[in-house]
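K.L.:
I'd like to ask some things about the structure below.
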Amino acid sequence: MEENGEHEREEEVGRCLSSYVDEGSNESNRYYLSRRTVLEMLKDRGYTIPSSEIDLSLSEFRAIHGQAPEVDRLRFSATHHSNPSKRILVIFCGPGIVKVNVIRSIAGQIVNRDTLTGLILIVQNRITSQGLKAVDLFSFKAEIFQITELLVNITKHVLKPKHQVLTDRQKQNLLKKYNIEEKQLPRMLHTDAIARYYGFERGQVVKVTYSGEITEMHVTYRCVW
């Protein structure tokens with residue numbers, strides 16, 4: 001009786017563990033995670049993103065896009081909540097090397113170019129120097145992320161502080177209050193992962209608030225370079 005009982009418990013544990021195994025494709029999982037992160041990123045930047053899109057489950061994503069999603073179906077655009085004239089387009093590239101002809105093809109597919117103020121390209125491979133030059137020719141800001149950079153939302157880490165961009169007036173008041181120049185502030189490189197996530201621009205001053213259960217709240221300011 002004990003042997004049978006032990007065997008039944010082993011089968012039950014096996015069933016429980018198998019429920020945590022992802023039997024779908026790694027490809028669809030990567031697209032799902034990176035898409036969710038970029039949706040969260042744009043929402044944090046102030047763009048209007050429906051919660052239903054962010055809360056979409058992996059199984060629901062696969063029901064829509066399948067196990068081998070088509071990159072063209074993953075593209076989407078969003079408008080800024082407080083400034084509807086700001087519109088950003090998100091485009092996923094395939095697994096191949098991104099050459100100049102790929103960028104030219106993307107440029108040719110962009111509709112309503114005059115109303116576009118930003119573009120995010122999510123690539124899975126390297127982009128050639130000629131491809132980068134073609135990106136620089138866009139009349140709007142174009143950002144490039146490797147898909148591996150978006151598999152995890154870096155701002156969700158419990159130790160990450162809160163970042164807030166100061167308005168021009170707030171920036172001038174800060175410099176006046178401490179009687180300092182912009183160059184005297186601690187720096188944050190525009191290539192920093194957090195700066196790229198929020199889309200910070202050079203010259204902006206960011207209020208950084210640290211808080212935790214152990215340490216008291218601490219505020220510092222950084223200038224983006």
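Convention: chains lettered A, B, ... in structure tokens order; per-chain residue numbering from 1; ligands numbered from 1 as shown.
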If we count only C-alpha atoms, what is near Phe138 (chain A) at a cut-off of 12 Å, once residues fewer than 5 positions away on the same chain are taken out, given as a list of chain:residue names?
P.N.:
A:Ile103, A:Arg104, A:Ile106, A:Ala107, A:Gly108, A:Ile110, A:Arg113, A:Asp114, A:Leu116, A:Thr117, A:Gly118, A:Leu119, A:Ile120, A:Gly131, A:Leu132, A:Lys133, A:Glu143
K.L.:
May I have a table of the residues of region 50-160 of chain A lying at most 7 Å from region 21-39 of chain A, giving each one's closest pair of atoms and their distance in Å to one decimal, counting only C-alpha atoms, ordered by chain and ascending residue number, as a tab-separated table?
P.N.:
```
residue	atom	partner	partner_atom	distance
A:Ile54	CA	A:Arg36	CA	5.6
A:Leu58	CA	A:Tyr32	CA	6.5
A:Phe61	CA	A:Tyr32	CA	6.8
A:Arg62	CA	A:Ser28	CA	6.9
A:Gln67	CA	A:Ser28	CA	5.2
A:Ala68	CA	A:Ser28	CA	5.8
A:Pro69	CA	A:Ser28	CA	6.3
A:Ile147	CA	A:Ser34	CA	6.1
A:Leu150	CA	A:Ser34	CA	4.7
A:Leu151	CA	A:Ser34	CA	4.9
A:Val152	CA	A:Thr37	CA	6.8
A:Asn153	CA	A:Thr37	CA	5.6
```
K.L.:
Just C-alpha atoms for this one: save the residues we selected as an mmCIF file, in the first residue's frame.
P.N.:
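After the write, selection_8.cif holds the following:
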```
data_model
loop_
_atom_site.group_PDB
_atom_site.id
_atom_site.type_symbol
_atom_site.label_atom_id
_atom_site.label_comp_id
_atom_site.auth_asym_id
_atom_site.auth_seq_id
_atom_site.Cartn_x
_atom_site.Cartn_y
_atom_site.Cartn_z
ATOM 1 C CA ILE A 54 0.081 44.679 -21.788
ATOM 2 C CA LEU A 58 1.477 34.121 -23.643
ATOM 3 C CA PHE A 61 -0.516 35.889 -27.844
ATOM 4 C CA ARG A 62 0.128 32.500 -29.436
ATOM 5 C CA GLN A 67 4.179 29.631 -32.746
ATOM 6 C CA ALA A 68 6.106 31.418 -35.522
ATOM 7 C CA PRO A 69 4.821 35.017 -35.495
ATOM 8 C CA ILE A 147 15.314 41.846 -28.910
ATOM 9 C CA LEU A 150 13.667 43.667 -24.098
ATOM 10 C CA LEU A 151 13.105 40.167 -22.763
ATOM 11 C CA VAL A 152 13.057 41.621 -19.235
ATOM 12 C CA ASN A 153 11.814 45.054 -18.156
#
```
K.L.:
Could you pull out the residues in region 29-215 of chain A that DSSP calls strand (DSSP E) from the backbone, as a ChimeraX atom specification?
P.N.:
/A:76-79,87-92,118-123,141-146,162-165,187-188,205-210
K.L.:
Take the residues from that selection and write them out as a compact mmCIF listing (two decimals), in the first residue's frame, keeping C-alpha atoms.
P.N.:
```txt
# COMPACT_ATOMS: atom_id res chain seq x y z
CA PHE A 76 2.03 48.87 -34.03
CA SER A 77 1.87 52.61 -33.42
CA ALA A 78 0.90 54.71 -30.41
CA THR A 79 0.13 58.37 -29.72
CA ARG A 87 3.12 59.36 -32.74
CA ILE A 88 5.63 56.53 -32.52
CA LEU A 89 5.86 53.39 -34.64
CA VAL A 90 7.28 50.05 -33.44
CA ILE A 91 8.65 47.62 -36.04
CA PHE A 92 10.08 44.15 -35.46
CA GLY A 118 9.49 58.47 -33.55
CA LEU A 119 10.40 54.94 -34.62
CA ILE A 120 11.56 51.94 -32.59
CA LEU A 121 13.27 49.12 -34.48
CA ILE A 122 13.58 45.80 -32.66
CA VAL A 123 16.28 43.69 -34.30
CA LYS A 141 14.03 59.99 -34.07
CA ALA A 142 14.79 56.32 -34.64
CA GLU A 143 15.79 54.01 -31.77
CA ILE A 144 17.26 50.54 -32.19
CA PHE A 145 16.90 47.78 -29.59
CA GLN A 146 18.17 44.23 -29.70
CA LYS A 162 12.26 56.20 -9.84
CA HIS A 163 13.25 58.51 -12.71
CA GLN A 164 11.43 61.73 -13.60
CA VAL A 165 12.41 64.28 -16.25
CA ARG A 187 25.97 62.68 -15.52
CA MET A 188 23.84 59.98 -17.08
CA VAL A 205 17.86 66.74 -16.17
CA VAL A 206 16.42 63.70 -14.44
CA LYS A 207 15.28 63.51 -10.82
CA VAL A 208 16.28 60.13 -9.39
CA THR A 209 14.48 58.99 -6.24
CA TYR A 210 15.86 56.08 -4.25
```
K.L.:
Could you check which of A:Arg126, A:Lys156, A:Lys183, A:Lys86 is closest to Asp44 (chain A), using only C-alpha atoms?
P.N.:
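Nearest candidate to Asp44 (chain A) out of A:Arg126, A:Lys156, A:Lys183, A:Lys86: A:Lys156.
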K.L.:
Using only C-alpha atoms, which residue out of A:Leu174, A:Val135, A:Val100, A:Leu166 lies closest to Gly203 (chain A)?
P.N.:
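Nearest candidate to Gly203 (chain A) out of A:Leu174, A:Val135, A:Val100, A:Leu166: A:Leu166.
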K.L.:
Could you tell me how far CA of Gly199 (chain A) sits from CA of Ser57 (chain A), in Å to one decimal place?
P.N.:
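Between CA of Ser57 (chain A) and CA of Gly199 (chain A) the gap works out to 26.4 Å.
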K.L.:
Go through A:His81, A:Arg75, A:Lys99, A:His65 one by one, measure the shortest atom-to-atom distance of each to Thr48 (chain A) using only C-alpha atoms, and give the residue with the smallest value.
P.N.:
A:His81
K.L.:
Report, in Å to a single decimal, how far apart CA of Ser82 (chain A) and CA of Tyr47 (chain A) are.
P.N.:
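It comes out at 8.1 Å.
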K.L.:
Near Gln204 (chain A), within 9 Å and counting only C-alpha atoms, which residues show up once chain neighbours fewer than 6 positions away are dropped, as number ranges by chain?
P.N.:
A: 165-168, 171, 222-225
K.L.:
What is the distance between CA of Tyr198 (chain A) and CA of Arg45 (chain A), in Å to one decimal?
P.N.:
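Straight-line distance from CA of Tyr198 (chain A) to CA of Arg45 (chain A) works out to 5.9 Å.
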